[in-house]
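Coordinates from final.txt are shown below (compact mmCIF, C-alpha atoms).
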```txt
# COMPACT_ATOMS: atom_id res chain seq x y z
CA MET A 1 65.75 118.40 127.48
CA SER A 2 66.04 119.29 131.18
CA SER A 3 64.71 115.88 132.21
CA ALA A 4 67.10 114.07 129.86
CA LEU A 5 70.03 116.14 131.15
CA GLU A 6 69.12 115.45 134.79
CA THR A 7 69.00 111.73 134.04
CA LEU A 8 72.37 111.94 132.28
CA ARG A 9 74.03 113.72 135.20
CA ARG A 10 72.67 111.04 137.54
CA ASP A 11 73.57 107.95 135.48
CA PHE A 12 76.68 108.99 133.55
CA GLY A 13 80.04 108.42 135.23
CA GLY A 14 82.21 109.93 132.50
CA ASP A 15 83.01 113.51 131.53
CA ILE A 16 80.31 115.92 130.34
CA ILE A 17 81.98 118.76 128.45
CA GLU A 18 79.96 121.80 127.39
CA PRO A 19 80.82 125.05 125.56
CA GLY A 20 82.96 127.23 127.78
CA GLY A 21 84.49 124.28 129.61
CA ALA A 22 88.23 124.03 129.98
CA GLU A 23 88.61 121.19 127.47
CA TYR A 24 85.89 122.18 125.05
CA GLU A 25 88.10 123.76 122.38
CA SER A 26 90.21 120.62 122.04
CA VAL A 27 87.37 118.06 122.19
CA GLY A 28 84.68 119.96 120.31
CA ARG A 29 86.40 119.39 116.97
CA ALA A 30 87.37 116.19 115.23
CA LYS A 31 90.86 115.76 113.78
CA LEU A 32 90.04 117.08 110.32
CA VAL A 33 86.84 119.12 110.79
CA SER A 34 85.84 121.78 113.31
CA GLY A 35 82.56 121.54 115.20
CA SER A 36 80.57 123.17 117.98
CA PRO A 37 78.54 120.45 119.69
CA ALA A 38 76.30 121.24 122.64
CA TYR A 39 77.66 118.31 124.63
CA VAL A 40 80.75 116.12 124.37
CA LEU A 41 80.31 112.99 126.47
CA ARG A 42 83.37 110.87 127.32
CA PRO A 43 82.14 107.57 128.77
CA LYS A 44 84.38 105.48 131.01
CA THR A 45 82.29 102.30 130.94
CA VAL A 46 79.82 100.51 128.70
CA GLY A 47 77.12 101.64 131.12
CA ASP A 48 78.17 105.22 130.45
CA VAL A 49 77.78 104.60 126.71
CA GLN A 50 74.27 103.32 127.34
CA ALA A 51 73.44 106.42 129.37
CA ALA A 52 74.89 108.66 126.65
CA VAL A 53 72.76 106.96 123.99
CA GLY A 54 69.71 107.39 126.21
CA PHE A 55 70.48 111.10 126.53
CA ALA A 56 70.85 111.49 122.78
CA VAL A 57 67.47 109.86 122.28
CA GLY A 58 65.79 111.86 125.02
CA SER A 59 67.27 115.21 123.99
CA GLU A 60 66.43 114.68 120.31
CA LEU A 61 69.74 116.31 119.40
CA PRO A 62 71.87 115.11 116.48
CA LEU A 63 74.32 112.41 117.52
CA SER A 64 77.94 111.86 116.45
CA VAL A 65 80.17 109.02 117.64
CA ARG A 66 83.93 109.59 117.75
CA GLY A 67 86.68 107.01 117.87
CA GLY A 68 89.94 108.47 116.56
CA GLY A 69 88.20 111.43 114.93
CA HIS A 70 89.92 111.10 111.53
CA SER A 71 86.77 110.99 109.40
CA PHE A 72 87.21 113.23 106.37
CA PRO A 73 83.54 114.35 106.40
CA GLY A 74 83.79 115.11 110.13
CA PHE A 75 81.48 112.36 111.37
CA GLY A 76 83.10 112.68 114.81
CA THR A 77 81.64 116.11 115.54
CA ASN A 78 78.64 118.32 114.75
CA ASP A 79 77.10 121.68 115.48
CA GLY A 80 74.64 121.86 118.34
CA GLY A 81 74.36 118.15 118.95
CA VAL A 82 75.78 115.38 121.11
CA VAL A 83 79.21 113.82 120.57
CA ILE A 84 79.99 110.52 122.27
CA ASP A 85 83.80 110.42 122.46
CA LEU A 86 85.03 106.87 123.09
CA SER A 87 88.66 107.78 123.79
CA GLN A 88 88.58 106.46 127.37
CA LEU A 89 87.44 103.02 126.21
CA ALA A 90 90.84 102.16 124.78
CA GLY A 91 92.01 98.98 126.44
CA VAL A 92 94.08 96.38 124.59
CA GLU A 93 94.04 92.91 126.16
CA ILE A 94 95.05 89.48 124.90
CA VAL A 95 92.12 87.29 125.95
CA ASP A 96 93.18 84.02 124.28
CA ASP A 97 96.92 83.34 124.10
CA GLU A 98 96.58 80.22 121.99
CA ARG A 99 94.39 81.78 119.29
CA HIS A 100 95.96 85.28 119.67
CA VAL A 101 92.55 86.85 120.29
CA VAL A 102 92.89 90.49 121.33
CA ARG A 103 90.04 92.55 122.84
CA ILE A 104 90.33 96.21 121.89
CA GLY A 105 88.20 99.06 123.19
CA GLY A 106 86.14 100.96 120.65
CA GLY A 107 88.03 104.18 121.40
CA ALA A 108 91.56 102.84 120.93
CA VAL A 109 93.80 104.07 118.14
CA TRP A 110 96.03 101.85 116.03
CA GLY A 111 99.30 103.19 117.40
CA GLU A 112 98.26 102.10 120.90
CA VAL A 113 97.34 98.66 119.58
CA ALA A 114 100.60 98.17 117.69
CA ALA A 115 102.65 99.27 120.71
CA ALA A 116 100.73 96.98 123.08
CA LEU A 117 101.09 93.93 120.83
CA ALA A 118 104.74 94.43 119.85
CA PRO A 119 106.22 92.93 123.05
CA HIS A 120 104.19 89.77 122.35
CA GLY A 121 105.43 89.52 118.76
CA LEU A 122 101.87 90.06 117.47
CA ALA A 123 100.19 92.44 115.07
CA ILE A 124 96.81 93.08 113.45
CA SER A 125 96.28 94.09 109.83
CA SER A 126 95.22 97.72 110.16
CA GLY A 127 95.64 101.10 108.55
CA ASP A 128 98.86 103.08 108.29
CA THR A 129 98.36 105.95 110.79
CA ARG A 130 98.97 105.80 114.55
CA SER A 131 96.18 108.13 115.63
CA VAL A 132 93.43 106.65 113.44
CA GLY A 133 90.72 105.00 115.50
CA VAL A 134 90.29 101.25 115.56
CA GLY A 135 86.51 101.60 115.35
CA GLY A 136 86.11 103.96 112.42
CA LEU A 137 88.75 102.25 110.32
CA THR A 138 87.50 98.73 111.02
CA LEU A 139 83.79 99.31 110.59
CA SER A 140 84.29 100.47 107.00
CA GLY A 141 87.26 98.33 105.94
CA GLY A 142 90.84 98.77 107.07
CA ILE A 143 93.32 98.86 104.17
CA GLY A 144 96.88 99.03 105.45
CA TRP A 145 100.39 97.61 105.29
CA LYS A 146 99.41 93.97 105.82
CA VAL A 147 96.33 93.94 103.63
CA ARG A 148 97.56 91.56 100.92
CA LYS A 149 98.80 88.98 103.46
CA TYR A 150 96.18 89.25 106.21
CA GLY A 151 93.26 91.09 104.62
CA LEU A 152 91.29 94.05 105.85
CA ALA A 153 91.15 94.97 109.51
CA LEU A 154 87.51 93.84 109.53
CA ASP A 155 88.49 90.43 108.15
CA ASN A 156 90.28 89.75 111.44
CA VAL A 157 87.32 90.60 113.70
CA VAL A 158 85.68 87.56 115.31
CA ALA A 159 83.29 89.28 117.72
CA ALA A 160 82.11 92.69 118.89
CA GLU A 161 80.18 94.28 121.74
CA VAL A 162 77.62 96.79 120.47
CA VAL A 163 75.41 99.35 122.23
CA THR A 164 72.31 99.72 120.08
CA ALA A 165 69.86 102.57 119.63
CA ASP A 166 67.54 101.27 122.37
CA GLY A 167 70.40 101.38 124.87
CA GLY A 168 70.85 97.63 124.96
CA VAL A 169 74.17 95.79 124.79
CA VAL A 170 74.40 92.94 122.30
CA ALA A 171 77.16 90.57 121.26
CA ALA A 172 77.83 90.15 117.56
CA SER A 173 79.70 87.17 116.12
CA ALA A 174 79.21 84.33 113.67
CA ASP A 175 77.10 82.59 116.33
CA GLU A 176 75.35 85.50 118.05
CA ASN A 177 73.36 88.06 116.07
CA PRO A 178 75.11 87.00 112.85
CA GLU A 179 73.33 89.56 110.65
CA LEU A 180 74.58 92.37 112.87
CA PHE A 181 78.04 90.83 112.77
CA TRP A 182 77.86 90.79 108.96
CA ALA A 183 76.69 94.41 108.87
CA ILE A 184 79.28 95.97 111.18
CA ARG A 185 82.06 94.51 109.02
CA GLY A 186 81.79 97.14 106.29
CA GLY A 187 78.55 98.95 107.13
CA GLY A 188 80.19 101.72 109.13
CA GLY A 189 78.64 103.18 112.27
CA ASN A 190 75.07 102.69 111.12
CA PHE A 191 74.02 100.04 113.63
CA GLY A 192 75.24 101.10 117.04
CA ILE A 193 78.36 101.94 119.02
CA VAL A 194 80.99 99.22 119.10
CA THR A 195 82.48 99.40 122.57
CA ALA A 196 84.87 96.45 122.06
CA PHE A 197 86.23 94.34 119.21
CA ASP A 198 87.75 90.88 119.39
CA PHE A 199 90.46 90.55 116.73
CA VAL A 200 92.61 87.58 115.84
CA ALA A 201 96.19 88.85 115.74
CA HIS A 202 99.06 87.11 113.97
CA PRO A 203 102.72 86.57 114.86
CA THR A 204 104.90 89.24 113.30
CA THR A 205 108.56 90.04 112.83
CA ASP A 206 110.23 93.25 111.81
CA VAL A 207 109.34 94.20 108.24
CA PHE A 208 111.19 95.80 105.33
CA PHE A 209 109.68 99.27 104.97
CA GLY A 210 110.42 102.39 102.96
CA LYS A 211 110.10 103.88 99.52
CA VAL A 212 111.83 103.70 96.15
CA THR A 213 111.49 106.84 94.04
CA PHE A 214 111.76 107.47 90.30
CA PRO A 215 111.70 110.61 88.14
CA ALA A 216 108.23 111.99 87.40
CA SER A 217 109.02 111.69 83.67
CA GLN A 218 109.08 107.88 84.09
CA ALA A 219 105.63 107.69 85.69
CA PRO A 220 103.87 105.77 82.86
CA GLU A 221 106.34 102.90 82.67
CA VAL A 222 106.95 102.76 86.44
CA LEU A 223 103.24 102.53 87.24
CA ARG A 224 102.63 99.88 84.58
CA GLY A 225 105.55 97.77 85.75
CA TRP A 226 104.59 98.21 89.40
CA ALA A 227 101.03 96.98 88.82
CA ASP A 228 102.25 94.05 86.70
CA HIS A 229 104.69 93.00 89.42
CA LEU A 230 102.08 93.13 92.19
CA ARG A 231 99.97 90.55 90.33
CA THR A 232 102.61 87.86 90.85
CA ALA A 233 104.54 89.20 93.84
CA PRO A 234 104.31 87.31 97.14
CA GLU A 235 101.44 88.44 99.34
CA GLU A 236 103.99 89.53 101.93
CA LEU A 237 104.50 92.57 99.70
CA THR A 238 102.01 95.42 100.03
CA SER A 239 102.68 98.64 98.16
CA ILE A 240 101.41 102.15 97.47
CA ALA A 241 102.36 104.32 94.49
CA ASN A 242 102.17 108.07 95.10
CA LEU A 243 102.23 110.87 92.53
CA ALA A 244 102.30 114.67 92.83
CA ASN A 245 103.41 114.79 96.45
CA PRO A 246 102.77 118.46 97.32
CA PHE A 247 105.72 118.48 99.74
CA ALA A 248 108.15 117.19 97.10
CA GLY A 249 107.32 119.32 94.07
CA GLY A 250 103.71 118.58 93.20
CA PRO A 251 103.48 117.52 89.54
CA GLU A 252 107.28 117.47 89.31
CA ALA A 253 107.67 115.28 92.40
CA PRO A 254 109.26 111.86 91.98
CA VAL A 255 107.04 108.81 91.68
CA GLU A 256 107.12 107.23 95.15
CA ILE A 257 106.71 103.46 95.46
CA HIS A 258 106.14 102.80 99.16
CA VAL A 259 106.58 99.18 100.23
CA VAL A 260 106.24 96.84 103.15
CA PHE A 261 107.61 93.32 102.88
CA ASP A 262 106.07 91.42 105.77
CA GLY A 263 109.06 89.40 106.93
CA ASP A 264 112.66 89.87 108.09
CA ASP A 265 114.45 87.55 105.64
CA PRO A 266 116.65 89.83 103.48
CA GLU A 267 116.87 87.36 100.60
CA LEU A 268 113.10 86.90 100.33
CA ALA A 269 112.63 90.66 100.65
CA ALA A 270 115.11 91.29 97.85
CA GLN A 271 113.32 88.81 95.58
CA ALA A 272 110.08 90.74 96.10
CA LEU A 273 111.55 94.25 95.97
CA ASP A 274 114.29 94.09 93.33
CA PRO A 275 111.81 93.95 90.42
CA ILE A 276 110.47 97.30 91.67
CA ARG A 277 113.97 98.76 91.79
CA ARG A 278 114.44 97.79 88.14
CA LEU A 279 111.36 99.70 86.93
CA GLY A 280 113.28 102.88 86.13
CA THR A 281 116.03 105.23 87.26
CA VAL A 282 116.11 105.03 91.05
CA VAL A 283 116.36 108.49 92.62
CA ASP A 284 116.25 107.29 96.20
CA ASP A 285 115.82 103.99 98.06
CA ASP A 286 115.43 104.04 101.84
CA VAL A 287 113.92 100.59 102.40
CA ALA A 288 115.19 99.14 105.67
CA LEU A 289 114.27 96.59 108.31
CA THR A 290 111.81 98.29 110.67
CA ALA A 291 109.68 97.28 113.64
CA TYR A 292 106.11 96.92 112.41
CA ALA A 293 104.79 99.40 114.99
CA ASP A 294 107.18 102.01 113.58
CA VAL A 295 105.76 101.86 110.04
CA LEU A 296 102.61 103.61 111.26
CA VAL A 297 102.89 107.35 110.69
CA GLU A 298 101.63 110.25 112.76
CA GLY A 299 98.34 111.79 111.67
CA ALA A 300 98.39 115.56 111.29
CA THR A 301 95.59 117.80 112.54
CA PRO A 302 95.21 120.74 110.14
CA PRO A 303 94.84 124.21 111.64
CA PRO A 304 91.41 125.87 111.69
CA GLY A 305 90.20 126.89 108.26
CA ILE A 306 92.10 124.14 106.45
CA ARG A 307 90.08 121.30 104.91
CA VAL A 308 91.15 118.12 103.18
CA LEU A 309 89.28 116.82 100.14
CA ALA A 310 89.55 113.06 99.67
CA HIS A 311 87.98 110.89 97.01
CA SER A 312 88.43 107.22 96.17
CA GLY A 313 87.53 104.48 93.73
CA PHE A 314 88.32 100.83 93.03
CA VAL A 315 89.92 99.40 89.89
CA ASP A 316 89.41 95.89 88.54
CA THR A 317 92.09 94.09 86.54
CA GLU A 318 90.71 94.96 83.11
CA SER A 319 90.68 98.68 83.88
CA VAL A 320 94.19 98.93 85.34
CA PRO A 321 95.97 100.02 82.09
CA ASP A 322 93.49 102.84 81.37
CA VAL A 323 93.46 104.07 84.96
CA LEU A 324 97.26 104.13 85.26
CA ARG A 325 97.59 105.99 81.95
CA ILE A 326 95.13 108.67 83.12
CA LEU A 327 96.81 109.01 86.50
CA ALA A 328 100.31 109.23 85.02
CA GLU A 329 99.12 112.09 82.79
CA ALA A 330 97.18 113.85 85.54
CA GLY A 331 99.82 113.43 88.23
CA THR A 332 102.51 115.14 86.17
CA SER A 333 100.28 118.04 85.06
CA GLN A 334 99.89 121.42 86.72
CA GLY A 335 97.06 121.59 89.22
CA SER A 336 97.20 117.90 90.08
CA PRO A 337 96.07 116.82 93.53
CA SER A 338 98.12 114.32 95.46
CA ILE A 339 97.42 110.87 94.01
CA SER A 340 97.75 107.57 95.84
CA ILE A 341 97.30 104.11 94.29
CA ARG A 342 97.08 101.20 96.74
CA SER A 343 97.53 97.53 95.96
CA VAL A 344 94.80 95.29 97.34
CA GLY A 345 93.84 91.83 96.14
CA GLY A 346 95.58 88.93 97.86
CA ALA A 347 93.88 87.97 101.11
CA VAL A 348 91.13 90.54 100.53
CA SER A 349 90.00 88.83 97.35
CA ARG A 350 89.90 85.37 98.93
CA VAL A 351 86.98 86.33 101.20
CA PRO A 352 83.62 85.56 99.49
CA SER A 353 81.90 88.72 98.24
CA GLY A 354 78.87 88.31 100.48
CA ALA A 355 80.72 87.30 103.64
CA THR A 356 80.89 90.87 104.95
CA ALA A 357 79.27 94.20 104.12
CA TYR A 358 82.55 95.37 102.58
CA ALA A 359 81.64 94.86 98.93
CA HIS A 360 84.81 95.48 96.90
CA ARG A 361 86.59 92.14 97.08
CA ARG A 362 87.46 91.85 93.39
CA ALA A 363 89.38 95.12 93.11
CA GLU A 364 93.07 95.03 92.19
CA LEU A 365 93.83 98.65 93.06
CA MET A 366 92.31 101.53 94.99
CA VAL A 367 92.83 105.09 93.76
CA THR A 368 92.64 108.07 96.11
CA THR A 369 93.19 111.79 95.56
CA PHE A 370 93.87 114.32 98.30
CA ALA A 371 93.89 118.11 98.24
CA GLY A 372 94.08 120.47 101.19
CA GLY A 373 93.99 124.14 102.00
CA PRO A 374 91.67 127.02 102.87
CA GLU A 375 88.48 127.33 100.87
CA PRO A 376 89.90 129.77 98.24
CA VAL A 377 92.63 127.23 97.44
CA LEU A 378 90.17 124.35 97.32
CA ALA A 379 87.97 126.34 94.94
CA THR A 380 90.82 126.40 92.43
CA VAL A 381 91.52 122.68 92.90
CA ARG A 382 87.95 121.40 92.52
CA PRO A 383 87.86 121.78 88.70
CA HIS A 384 91.05 119.69 88.40
CA LEU A 385 89.58 117.05 90.70
CA ALA A 386 86.34 116.97 88.71
CA ALA A 387 88.27 116.58 85.47
CA ILE A 388 90.40 113.69 86.79
CA TRP A 389 87.49 111.80 88.29
CA GLY A 390 85.41 112.44 85.20
CA ARG A 391 88.07 110.72 83.10
CA LEU A 392 88.41 107.90 85.61
CA ALA A 393 84.69 107.30 86.08
CA PRO A 394 84.19 104.82 83.18
CA HIS A 395 87.00 102.65 84.56
CA LEU A 396 86.12 102.59 88.28
CA ASP A 397 83.68 100.67 90.43
CA GLY A 398 82.61 101.74 93.89
CA ALA A 399 84.34 103.83 96.56
CA TYR A 400 86.06 103.32 99.90
CA ALA A 401 84.11 104.99 102.69
CA ASN A 402 87.21 105.83 104.74
CA PHE A 403 88.60 108.00 101.92
CA LEU A 404 85.62 110.18 101.07
CA THR A 405 85.08 113.77 102.18
CA THR A 406 81.41 113.76 101.18
CA ALA A 407 78.48 111.53 102.10
CA THR A 408 76.00 112.15 99.31
CA GLU A 409 73.51 109.59 98.07
CA GLU A 410 75.88 108.95 95.17
CA ASP A 411 78.70 108.27 97.63
CA VAL A 412 76.55 105.86 99.64
CA ALA A 413 75.56 104.04 96.44
CA ALA A 414 79.24 103.71 95.49
CA VAL A 415 80.21 102.37 98.91
CA TYR A 416 77.28 99.94 99.09
CA PRO A 417 76.12 98.23 95.89
CA ALA A 418 72.36 97.70 95.64
CA ASP A 419 72.25 94.15 97.04
CA THR A 420 74.53 95.07 99.93
CA TYR A 421 72.50 98.18 100.68
CA ARG A 422 69.22 96.27 100.80
CA ARG A 423 70.60 93.77 103.27
CA LEU A 424 72.10 96.55 105.39
CA ALA A 425 68.78 98.41 105.38
CA ALA A 426 67.06 95.35 106.80
CA VAL A 427 69.63 95.10 109.61
CA LYS A 428 69.31 98.84 110.20
CA GLY A 429 65.53 98.53 110.48
CA HIS A 430 65.95 95.95 113.22
CA TYR A 431 68.65 97.63 115.32
CA ASP A 432 68.14 101.34 114.60
CA PRO A 433 64.62 101.86 113.21
CA THR A 434 64.60 105.61 113.92
CA ASN A 435 68.03 106.19 112.32
CA LEU A 436 69.60 107.54 115.50
CA PHE A 437 73.03 106.68 114.07
CA ALA A 438 72.71 108.82 110.95
CA HIS A 439 75.94 110.84 110.94
CA ASN A 440 77.81 108.50 108.60
CA HIS A 441 77.53 107.13 105.08
CA ASN A 442 73.98 106.54 106.03
CA VAL A 443 71.88 103.48 105.38
CA ARG A 444 68.24 104.30 105.95
CA PRO A 445 66.24 101.70 107.90
CA GLU A 446 64.10 99.41 105.81
```
Mind converting the file's structure to structure tokens?
Amino acid sequence: MSSALETLRRDFGGDIIEPGGAEYESVGRAKLVSGSPAYVLRPKTVGDVQAAVGFAVGSELPLSVRGGGHSFPGFGTNDGGVVIDLSQLAGVEIVDDERHVVRIGGGAVWGEVAAALAPHGLAISSGDTRSVGVGGLTLSGGIGWKVRKYGLALDNVVAAEVVTADGGVVAASADENPELFWAIRGGGGNFGIVTAFDFVAHPTTDVFFGKVTFPASQAPEVLRGWADHLRTAPEELTSIANLANPFAGGPEAPVEIHVVFDGDDPELAAQALDPIRRLGTVVDDDVALTAYADVLVEGATPPPGIRVLAHSGFVDTESVPDVLRILAEAGTSQGSPSISIRSVGGAVSRVPSGATAYAHRRAELMVTTFAGGPEPVLATVRPHLAAIWGRLAPHLDGAYANFLTTATEEDVAAVYPADTYRRLAAVKGHYDPTNLFAHNHNVRPE
């Protein structure tokens, strides 16, 4: 350990933060999970990342890699190990004006990206939270407000720079190391540390953004009509249906249909949105023309002792009626968690199933539940969660890694179907044979 630490102090030009240091309390934890790592390393250059990886190998301490730090399981921290915090590698640069190629540092967050691209009239299909990291979101998917028009965040990646377990720096693209390029688009942080992504951005305008709400008593018919409409709606429309909002009455809360229409033409927007407004008795409608960067919301950091339980699953077309019936019943019953149903399909489904390691191309909807609180509160919620997911299980296929609080073998099998897992394991065996990058939904090396 002493030798590895001496080498680190010699070769590392970033910040080395240890327990007792001035910044330790704020950087030791991730956004959603507390931790007590032995070292938090904040590299300033790719060379620093290489040195940090070398230290993790030499010290034989557990390693976590942090981008935005929003991982529900707390992958961005640990107890007694090394955390490589990429927050200082956060540049956003347009490197090809004609093709709109944008190079983004592995530690950037999506709010920074949206703000940097807005003056150029550009955007990238991403998540829906400003402080979520580009790296963590992209490596496992990226389902956000432009998903039906422009696909997942990872569908817009054309190249990446990766520091691997041996400390080397490799380029990954369709032409260079194509198997690694395939794997990092859906395989999470299993294969190395992505220090930079090249995305293709797209021209954007303001968008119509907001929510239309209906009485909880109308949940069954609203959800059915909403899902039916999304099947034929223009791909400019992406939508999320929320039930049991804990800040609006829990099981008595209105059904919230959140929408983004990706365009600024009011007539086209009305054609896409008016069928939603006719689904029931409108309680509120605050949809308005909004700058795209402003649709991203702030991400809250819960106080110590508060955990968030998240679980997810995908729904194919045949299962939609059964799933919506179960969720309408559950979401208006006492003890319900917060329920979110996201529309996917569109551009996501047009990518061939084997083109990336993200394996859930045929899904029409994604279901997520959230529950938060101190452990005594969560103990009372867990039976309700188990009951809901037990009813849903026959109608679901797979899970979305970015909305899972656990990382069990069952979770990994849901995220990566067998054929995908086998191919990922082969890539893992080549680039990380000792499983250095194991603090994730882990793929074991072949």
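Shortest separation to Asn245 of chain A among A:Ala371, A:Leu436, A:Ala114, A:Val351 occurs at residue A:Ala371, atoms counted being only C-alpha atoms.
Residues lying within 10 Å of (67.5, 96.3, 107.6). Counted over only C-alpha atoms, they are Glu179, Leu180, Ala183, Phe191, Tyr421, Arg422, Arg423, Leu424, Ala425, Ala426, Val427, Lys428, Gly429, His430, Tyr431, Asp432, Pro433, Val443, Arg444, Pro445 and Glu446 of chain A.
With only the atoms specified (all atoms listed in the file) counting, those residues at most 6 Å away from (99.6, 101.9, 98.6) are Ser239, Ile240, Ala241, Ile341, Arg342 and Ser343 of chain A.
Considering the residues A:Ala216, A:Ala196, A:Ala293, A:Val207 and counting all atoms listed in the file, Val260 of chain A has its shortest atom-to-atom contact with A:Val207.
For the set A:Val194, A:Val282, A:Ile388, A:Val33, the residue with the smallest atom-to-atom gap to Gly335 of chain A is A:Ile388, counting only C-alpha atoms.
Between atom CA of Phe12 of chain A and atom CA of Gly192 of chain A the separation is 18.4 Å.
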Considering only C-alpha atoms, tabulate each residue of segment 261-339 of chain A that lies at most 12 Å from segment 134-145 of chain A along with its nearest interatomic pair and the corresponding distance in Å to one decimal; arrange the rows by chain and ascending residue number and present them as a Markdown table.
```
| residue | atom | partner | partner_atom | distance |
| --- | --- | --- | --- | --- |
| A:Phe261 | CA | A:Trp145 | CA | 8.7 |
| A:Asp262 | CA | A:Trp145 | CA | 8.4 |
| A:Tyr292 | CA | A:Trp145 | CA | 9.2 |
| A:Ala293 | CA | A:Trp145 | CA | 10.8 |
| A:Asp294 | CA | A:Trp145 | CA | 11.6 |
| A:Val295 | CA | A:Trp145 | CA | 8.3 |
| A:Leu296 | CA | A:Trp145 | CA | 8.8 |
| A:Val297 | CA | A:Trp145 | CA | 11.4 |
```
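Using all atoms listed in the file, the shortest contact distance between Val170 of chain A and any of A:Val113, A:Ile193, A:Val377, A:Leu63 is found at A:Ile193.
Of the listed residues A:Thr290, A:Thr164, A:Asn442, A:Thr420, the one whose atoms come nearest to Ala357 of chain A is A:Thr420, with distances taken using all atoms listed in the file.
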Give me the residues within 7 Å of segment 304-311 of chain A as a PDB file with C-alpha atoms, in the coordinates of the input, counting all atoms listed in the file and dropping any in the same chain fewer than 2 places off.
```pdb
ATOM      1  CA  LEU A  32      90.040 117.080 110.320  1.00  0.00           C
ATOM      2  CA  PRO A 302      95.210 120.740 110.140  1.00  0.00           C
ATOM      3  CA  THR A 368      92.640 108.070  96.110  1.00  0.00           C
ATOM      4  CA  THR A 369      93.190 111.790  95.560  1.00  0.00           C
ATOM      5  CA  PHE A 370      93.870 114.320  98.300  1.00  0.00           C
ATOM      6  CA  ALA A 371      93.890 118.110  98.240  1.00  0.00           C
ATOM      7  CA  GLY A 372      94.080 120.470 101.190  1.00  0.00           C
ATOM      8  CA  GLY A 373      93.990 124.140 102.000  1.00  0.00           C
ATOM      9  CA  PRO A 374      91.670 127.020 102.870  1.00  0.00           C
ATOM     10  CA  PHE A 403      88.600 108.000 101.920  1.00  0.00           C
ATOM     11  CA  LEU A 404      85.620 110.180 101.070  1.00  0.00           C
ATOM     12  CA  THR A 405      85.080 113.770 102.180  1.00  0.00           C
TER      13      THR A 405
END
```
Find, counting all atoms listed in the file, the residue in A:Val212, A:Ala363, A:Val102, A:Val57 that gets nearest to Ala4 of chain A.
A:Val57
Within 9 Å of Ala172 of chain A, counting only C-alpha atoms, which residues show up once you throw out same-chain ones fewer than 6 positions away? Write them as a PDB file with C-alpha atoms, keeping the file's coordinate frame, please.
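Final file, around21.pdb:
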```
ATOM      1  CA  VAL A 158      85.680  87.560 115.310  1.00  0.00           C
ATOM      2  CA  ALA A 159      83.290  89.280 117.720  1.00  0.00           C
ATOM      3  CA  ALA A 160      82.110  92.690 118.890  1.00  0.00           C
ATOM      4  CA  GLU A 161      80.180  94.280 121.740  1.00  0.00           C
ATOM      5  CA  VAL A 162      77.620  96.790 120.470  1.00  0.00           C
ATOM      6  CA  PRO A 178      75.110  87.000 112.850  1.00  0.00           C
ATOM      7  CA  GLU A 179      73.330  89.560 110.650  1.00  0.00           C
ATOM      8  CA  LEU A 180      74.580  92.370 112.870  1.00  0.00           C
ATOM      9  CA  PHE A 181      78.040  90.830 112.770  1.00  0.00           C
ATOM     10  CA  TRP A 182      77.860  90.790 108.960  1.00  0.00           C
ATOM     11  CA  ILE A 184      79.280  95.970 111.180  1.00  0.00           C
TER      12      ILE A 184
END
```
Report the centre and edge lengths, in Å to one decimal, of an axis-aligned box enclosing every atom of segment 396-412 of chain A listed in the file, padded by 8 Å on each side, as lines of an AutoDock Vina configuration file.
```
center_x = 81.1
center_y = 107.2
center_z = 96.5
size_x = 31.1
size_y = 29.1
size_z = 32.5
```
Work out how far apart atom CA of Asp96 of chain A and atom CA of Pro234 of chain A are and give it in Å to one decimal.
29.5 Å
Residues near Ser319 of chain A, anyone? I mean within 9 Å using all atoms listed in the file, not counting same-chain ones fewer than 4 positions away, as a ChimeraX atom specification.
/A:315,323-324,394-396
Quick one: residues within 8 Å of segment 44-49 of chain A, only C-alpha atoms, excluding same-chain residues fewer than 3 positions away - as a count of residues only?
11
Need the shell around Asn78 of chain A: protein/DNA/RNA residues with any atom at most 7 Å away, counting all atoms listed in the file. Skip same-chain ones fewer than 2 positions apart. Format as a PyMOL selection string?
chain A and resi 35-37+64+80-81
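For the atom pair formed by atom CA of Glu93 of chain A and atom CA of Phe199 of chain A, the distance is 10.4 Å, given to one decimal.
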Using the incomplete input, complete segment 121-127 of chain A to the level of N, CA and C atoms; output as a tab-separated table (two decimals), keeping the file's coordinate frame.
```tsv
chain	number	residue	atom	x	y	z
A	121	GLY	N	105.14	89.98	120.11
A	121	GLY	CA	105.43	89.52	118.76
A	121	GLY	C	104.19	89.34	117.91
A	122	LEU	N	103.15	90.17	118.17
A	122	LEU	CA	101.87	90.06	117.47
A	122	LEU	C	101.55	91.37	116.76
A	123	ALA	N	100.68	91.27	115.78
A	123	ALA	CA	100.19	92.44	115.07
A	123	ALA	C	98.81	92.13	114.50
A	124	ILE	N	98.11	93.19	114.10
A	124	ILE	CA	96.81	93.08	113.45
A	124	ILE	C	96.86	93.89	112.17
A	125	SER	N	96.37	93.34	111.09
A	125	SER	CA	96.28	94.09	109.83
A	125	SER	C	95.40	95.31	110.05
A	126	SER	N	95.96	96.49	109.85
A	126	SER	CA	95.22	97.72	110.16
A	126	SER	C	95.53	98.78	109.12
A	127	GLY	N	95.31	100.02	109.47
A	127	GLY	CA	95.64	101.10	108.55
A	127	GLY	C	97.12	101.45	108.64
```
